[in-house]
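Shown next, in structure tokens, is the structure this report addresses.
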Amino acid sequence: MSFVSTGFVLFFLLTAVVYYAVPQKFKWIVLLCSGYIFYALNNVKALVFIIASTLISYLAARKFSSIAAVCQEKRSATEDKAERKEIRNHYDKIKKRYATFGVIACFAILAILKYTNFVVININSLFKTNISLFNFILPLGISFYTFQVVSYMLDVYNGKYEAEKNLFHYALYVSWFPSILQGPISRYDELRPQFFETEHHFSLENTQFAMQRILWGFLKKLVIADRATEVVTYIFGNYEKLPWYITLVGLLFYSIELYADFSGGMDVVIGVSELMGIKLTENFRQPFFSQSIGEFWRRWHITLGTWMKDYVFYPYNLSDFTNKMGKLLSKINKTAGKLIPACIGNLLVFFIVGVWHGAEWHFIIYGLYNGLLIVLGILFKPLFEKLITLFHIQVESKVWKAFRMLRTFILINIGWAFDDVTDLHMSFSMLKQLFSFNNGALISNWKFDTFSQLTLYTVGLFTFILLIISIVKEKGVDVRLAISKLALPLRWAIYLALILSVPFFQAANMVGFIYAQF
């Protein structure tokens with residue numbers, strides 16, 4: 001069930017009606033049931049996997065709590081410091097074994113379903129074997145809910161909060177239907193108080209804000225993203241016959257498509273959640289205004305970046321192995337001792353990001369490409385600072401900031417050549433075509449045979465509107481709040497324009513959300 005389908009609109013509106021009709025103590029039950037009904041409507045067979053991940057992580061976390069309680073009881077029974085330390089070390093080892101099992105088990109479900117065929121294909125290629133591919137079900141949103149349950153286990157393991165005793169309360173966190181398909185990747189301590197401790201009453205103002213966000217998401221997806229898809233599909237499918245600047249246009253339109261698709265989906269998710277009084281973490285913050293690759297990834301898919309930082313980068317950086325490596329390198333060169341472990345950590349994070357995006361080599365190269373750019377930025381930072389001083393560059397000037405934004409935007413767009421492609425051969429072939437500046441005569445092959453010029457004008461117009469709104473938001477303006485304070489005729493003129501733009505300008509063919517397959 002797509003987030004922009006009539007069925008989904010009816011589903012979340014019916015859920016909202018029932019939600020506000022029942023007493024407060026039953027509201028969470030409505031949300032839990034709606035999550036499982038929604039998931040079953042998408043693929044009832046896939047329910048077994050989300051239930052398995054829920055049970056494994058729930059039981060593992062409960063075990064952590066029981067082990068911690070036994071440890072505390074035994075440590076309280078003695079005043080000998082050495083004995084207390086020995087007791088703690090003993091139970092920490094037991095707890096660590098359960099944590100390792102829980103994390104591996106949840107990731108194993110994801111890995112088997114999503115990556116087995118990738119491994120088989122590569123084995124067949126390397127060893128000239130003919131192993132048959134498996135016909136596994138790939139549950140919708142499995143990457144998102146797997147990261148959520150793993151974060152929950154690790155948070156409980158590290159003592160950030162107590163394990164949830166009520167299995168069904170925890171199941172609601174895992175199956176929260178607006179975010180289950182494409183995020184954001186929420187933390188349990190963020191959602192639990194909103195589900196079970198905060199009273200939610202119907203609010204006309206809250207409903208108005210939520211519907212604005214949902215409609216804005218629909219417009220981004222159905223008008224901008226789906227129309228941009230028509231252009232991208234044509235150019236990427238015929239790039240070898242087209243001049244380099246048309247390939248560049250394809251990459252630019254893919255930027256528009258991907259951002260409008262993913263951020264539009266987030267708008268719908270956050271808007272539907274707001275309708276129920278649930279505030280989710282923002283997942284985008286005007287990423288194309290970034291002045292570096294690192295900043296881009298702090299603004300794009302924010303919850304994934306935060307997850308990687310908290311559960312991959314920091315644990316790696318603080319590990320005994322990394323500390324030993326840093327000390328060893330510091331004996332040779334102090335700067336190397338500080339920078340190299342951080343560089344390896346960034347490459348590790350972006351390797352995982354690439355794997356997370358999909359079971360294809362081009363996704364892995366896509367991740368490593370971004371990681372390498374960040375590593376180069378770290379390594380060459382002293383040189384850049386010297387050059388800035390040498391040429392007396394005013395780093396706070398608008399010209400310099402605009403230059404850095406443009407540079408980052410270009411590097412990000414080059415990276416897209418490893419994202420929306422079929423394989424690595426296509427990635428490198430497209431890049432070769434992109435830098436073949438002598439093939440301009442191929443423009444004669446450019447035809448509007450799969451989309452109309454109206455599509456180009458429509459995408460251009462609404463992308464310009466999106467840009468203006470992004471600039472306003474970048475300046476710290478709450479757009480929805482600002483609209484709500486306008487005079488009634490002007491406010492409703494904006495609402496009607498938003499409502500009517502979707503059916504009037506939407507693409508002829510509706511395309512599924514890109515990240516729903518994750």
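We name chains A, B, ... following the order of the structure tokens; residues begin at 1 in each chain, and ligands are numbered from 1 as shown.
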
Can you pull out every residue within 12 Å of segment 497-507 of chain A, counting only C-alpha atoms, but drop anything in the same chain fewer than 4 positions away, and send it as a ChimeraX atom specification? /A:4,211-231,451-452,454-459,461-462,465,490-493,511

Give me the residues within 7 Å of Ala359 of chain A as a VMD selection string, counting only C-alpha atoms and dropping any in the same chain fewer than 2 places off. chain A and resid 114 to 115 118 355 361

Can you list, as a PDB file with N, CA, C and O atoms, in the first residue's frame, every protein, DNA or RNA residue that comes within 12 Å of Val9 of chain A when you count only C-alpha atoms, leaving out same-chain residues fewer than 2 positions away?
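So the final result, stored in part.pdb, reads:
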```
ATOM      1  N   MET A   1       0.849  -1.192   0.000  1.00  0.00           N
ATOM      2  CA  MET A   1       0.000   0.000   0.000  1.00  0.00           C
ATOM      3  C   MET A   1       0.889   1.248   0.000  1.00  0.00           C
ATOM      4  O   MET A   1       1.555   1.544   0.992  1.00  0.00           O
ATOM      5  N   SER A   2       0.926   1.965  -1.094  1.00  0.00           N
ATOM      6  CA  SER A   2       1.769   3.145  -1.210  1.00  0.00           C
ATOM      7  C   SER A   2       1.249   4.271  -0.330  1.00  0.00           C
ATOM      8  O   SER A   2       0.041   4.425  -0.129  1.00  0.00           O
ATOM      9  N   PHE A   3       2.170   5.098   0.182  1.00  0.00           N
ATOM     10  CA  PHE A   3       1.799   6.228   1.024  1.00  0.00           C
ATOM     11  C   PHE A   3       0.982   7.281   0.276  1.00  0.00           C
ATOM     12  O   PHE A   3       0.359   8.134   0.906  1.00  0.00           O
ATOM     13  N   VAL A   4       1.037   7.250  -1.051  1.00  0.00           N
ATOM     14  CA  VAL A   4       0.305   8.258  -1.818  1.00  0.00           C
ATOM     15  C   VAL A   4      -0.909   7.655  -2.527  1.00  0.00           C
ATOM     16  O   VAL A   4      -1.451   8.240  -3.454  1.00  0.00           O
ATOM     17  N   SER A   5      -1.333   6.480  -2.099  1.00  0.00           N
ATOM     18  CA  SER A   5      -2.501   5.834  -2.700  1.00  0.00           C
ATOM     19  C   SER A   5      -3.771   6.246  -1.963  1.00  0.00           C
ATOM     20  O   SER A   5      -3.739   6.661  -0.802  1.00  0.00           O
ATOM     21  N   THR A   6      -4.881   6.112  -2.646  1.00  0.00           N
ATOM     22  CA  THR A   6      -6.177   6.398  -2.018  1.00  0.00           C
ATOM     23  C   THR A   6      -6.419   5.471  -0.839  1.00  0.00           C
ATOM     24  O   THR A   6      -6.959   5.881   0.199  1.00  0.00           O
ATOM     25  N   GLY A   7      -5.986   4.220  -0.998  1.00  0.00           N
ATOM     26  CA  GLY A   7      -6.145   3.246   0.086  1.00  0.00           C
ATOM     27  C   GLY A   7      -5.445   3.678   1.352  1.00  0.00           C
ATOM     28  O   GLY A   7      -5.981   3.532   2.466  1.00  0.00           O
ATOM     29  N   PHE A  11      -6.971   4.650   4.940  1.00  0.00           N
ATOM     30  CA  PHE A  11      -6.498   3.870   6.085  1.00  0.00           C
ATOM     31  C   PHE A  11      -6.102   4.779   7.244  1.00  0.00           C
ATOM     32  O   PHE A  11      -6.528   4.571   8.379  1.00  0.00           O
ATOM     33  N   PHE A  12      -5.263   5.807   6.952  1.00  0.00           N
ATOM     34  CA  PHE A  12      -4.793   6.619   8.081  1.00  0.00           C
ATOM     35  C   PHE A  12      -5.894   7.541   8.613  1.00  0.00           C
ATOM     36  O   PHE A  12      -5.923   7.858   9.808  1.00  0.00           O
ATOM     37  N   LEU A  13      -6.831   7.947   7.741  1.00  0.00           N
ATOM     38  CA  LEU A  13      -7.948   8.754   8.231  1.00  0.00           C
ATOM     39  C   LEU A  13      -8.871   7.928   9.121  1.00  0.00           C
ATOM     40  O   LEU A  13      -9.331   8.400  10.173  1.00  0.00           O
ATOM     41  N   LEU A  14      -9.144   6.677   8.723  1.00  0.00           N
ATOM     42  CA  LEU A  14      -9.960   5.778   9.549  1.00  0.00           C
ATOM     43  C   LEU A  14      -9.265   5.495  10.875  1.00  0.00           C
ATOM     44  O   LEU A  14      -9.905   5.503  11.945  1.00  0.00           O
ATOM     45  N   THR A  15      -7.948   5.278  10.822  1.00  0.00           N
ATOM     46  CA  THR A  15      -7.180   5.051  12.046  1.00  0.00           C
ATOM     47  C   THR A  15      -7.284   6.254  12.974  1.00  0.00           C
ATOM     48  O   THR A  15      -7.469   6.110  14.191  1.00  0.00           O
ATOM     49  N   ALA A  16      -7.166   7.464  12.408  1.00  0.00           N
ATOM     50  CA  ALA A  16      -7.247   8.682  13.212  1.00  0.00           C
ATOM     51  C   ALA A  16      -8.617   8.835  13.870  1.00  0.00           C
ATOM     52  O   ALA A  16      -8.721   9.219  15.048  1.00  0.00           O
ATOM     53  N   PHE A  38      -1.699  -2.736   8.645  1.00  0.00           N
ATOM     54  CA  PHE A  38      -1.044  -2.077   7.521  1.00  0.00           C
ATOM     55  C   PHE A  38       0.030  -2.969   6.910  1.00  0.00           C
ATOM     56  O   PHE A  38       0.113  -3.118   5.687  1.00  0.00           O
ATOM     57  N   PRO A 178       3.321   4.560  10.231  1.00  0.00           N
ATOM     58  CA  PRO A 178       3.785   5.605   9.304  1.00  0.00           C
ATOM     59  C   PRO A 178       5.261   5.475   8.942  1.00  0.00           C
ATOM     60  O   PRO A 178       5.656   5.724   7.803  1.00  0.00           O
ATOM     61  N   MET A 211      -2.072  17.963   8.046  1.00  0.00           N
ATOM     62  CA  MET A 211      -2.559  17.831   6.672  1.00  0.00           C
ATOM     63  C   MET A 211      -1.728  18.678   5.705  1.00  0.00           C
ATOM     64  O   MET A 211      -1.505  18.280   4.558  1.00  0.00           O
ATOM     65  N   ILE A 214       1.306  16.562   5.025  1.00  0.00           N
ATOM     66  CA  ILE A 214       0.977  15.414   4.190  1.00  0.00           C
ATOM     67  C   ILE A 214       0.784  15.852   2.729  1.00  0.00           C
ATOM     68  O   ILE A 214       1.320  15.218   1.805  1.00  0.00           O
ATOM     69  N   LEU A 215       0.045  16.917   2.515  1.00  0.00           N
ATOM     70  CA  LEU A 215      -0.195  17.408   1.158  1.00  0.00           C
ATOM     71  C   LEU A 215       1.105  17.865   0.497  1.00  0.00           C
ATOM     72  O   LEU A 215       1.310  17.642  -0.700  1.00  0.00           O
ATOM     73  N   PHE A 218       2.784  14.812  -0.639  1.00  0.00           N
ATOM     74  CA  PHE A 218       2.139  14.298  -1.857  1.00  0.00           C
ATOM     75  C   PHE A 218       2.611  15.075  -3.084  1.00  0.00           C
ATOM     76  O   PHE A 218       2.888  14.489  -4.136  1.00  0.00           O
ATOM     77  N   VAL A 268       5.052  12.893   4.500  1.00  0.00           N
ATOM     78  CA  VAL A 268       3.829  12.118   4.725  1.00  0.00           C
ATOM     79  C   VAL A 268       3.913  11.376   6.053  1.00  0.00           C
ATOM     80  O   VAL A 268       2.970  11.397   6.865  1.00  0.00           O
ATOM     81  N   VAL A 269       5.044  10.717   6.308  1.00  0.00           N
ATOM     82  CA  VAL A 269       5.240   9.955   7.549  1.00  0.00           C
ATOM     83  C   VAL A 269       5.102  10.866   8.769  1.00  0.00           C
ATOM     84  O   VAL A 269       4.379  10.549   9.731  1.00  0.00           O
ATOM     85  N   GLY A 271       3.734  13.856   8.892  1.00  0.00           N
ATOM     86  CA  GLY A 271       2.396  14.437   8.944  1.00  0.00           C
ATOM     87  C   GLY A 271       1.365  13.476   9.517  1.00  0.00           C
ATOM     88  O   GLY A 271       0.555  13.860  10.371  1.00  0.00           O
ATOM     89  N   VAL A 272       1.389  12.218   9.076  1.00  0.00           N
ATOM     90  CA  VAL A 272       0.446  11.220   9.603  1.00  0.00           C
ATOM     91  C   VAL A 272       0.694  10.996  11.091  1.00  0.00           C
ATOM     92  O   VAL A 272      -0.249  10.866  11.880  1.00  0.00           O
TER      93      VAL A 272
END
```

May I have all residues of segment 162-248 of chain A that DSSP, computed from the backbone, assigns to alpha helix (DSSP H), given as a ChimeraX atom specification? /A:167-175,188-196,204-218,226-238,244-248

Shell of 12 Å around Arg75 of chain A, only C-alpha atoms, local chain residues under 2 positions omitted, as a list of chain:residue names: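 Residues meeting the cut-off are A:Ala68, A:Ala69, A:Val70, A:Cys71, A:Gln72, A:Glu73, A:Ala77, A:Thr78, A:Glu79, A:Asp80, A:Lys81, A:Ala82, A:Glu83, A:Arg84, A:Lys85, A:Glu86, A:Ile87, A:Arg88, A:Asn89, A:His90, A:Tyr91.
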
Give me the residues within 12 Å of segment 52-65 of chain A as a VMD selection string, counting only C-alpha atoms and dropping any in the same chain fewer than 6 places off. chain A and resid 46 71 to 72 91 to 110 139 142 to 175 188

If we count only C-alpha atoms, what is near Leu481 of chain A at a cut-off of 12 Å, once residues fewer than 5 positions away on the same chain are taken out, given as a VMD selection string? chain A and resid 205 to 206 208 to 210 212 to 213 473 476 486 491

Among listed residues A:Phe321, A:Trp244, A:Tyr515, A:Phe262, nearest Gly141 of chain A (using only C-alpha atoms):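 Comparing A:Phe321, A:Trp244, A:Tyr515, A:Phe262 against Gly141 of chain A, the winner is A:Tyr515.
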
Which residue out of A:Thr463, A:Asn117, A:Ser429, A:Asn42 has the minimum interatomic distance to Phe253 of chain A when only C-alpha atoms are used?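 Ranking A:Thr463, A:Asn117, A:Ser429, A:Asn42 by distance to Phe253 of chain A, first place goes to A:Thr463.
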
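Among the candidates A:Leu242, A:Leu368, A:Leu181, A:Met276, the one nearest to Glu199 of chain A when counting only C-alpha atoms is A:Met276.
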
Atom pair atom CA of His392 of chain A / atom CA of Phe289 of chain A: separation (Å):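 According to the coordinates, atom CA of His392 of chain A and atom CA of Phe289 of chain A are separated by 23.7 Å.
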
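Taking atom CA of Tyr245 of chain A as the reference point, atom CA of Lys432 of chain A is found at 12.1 Å.
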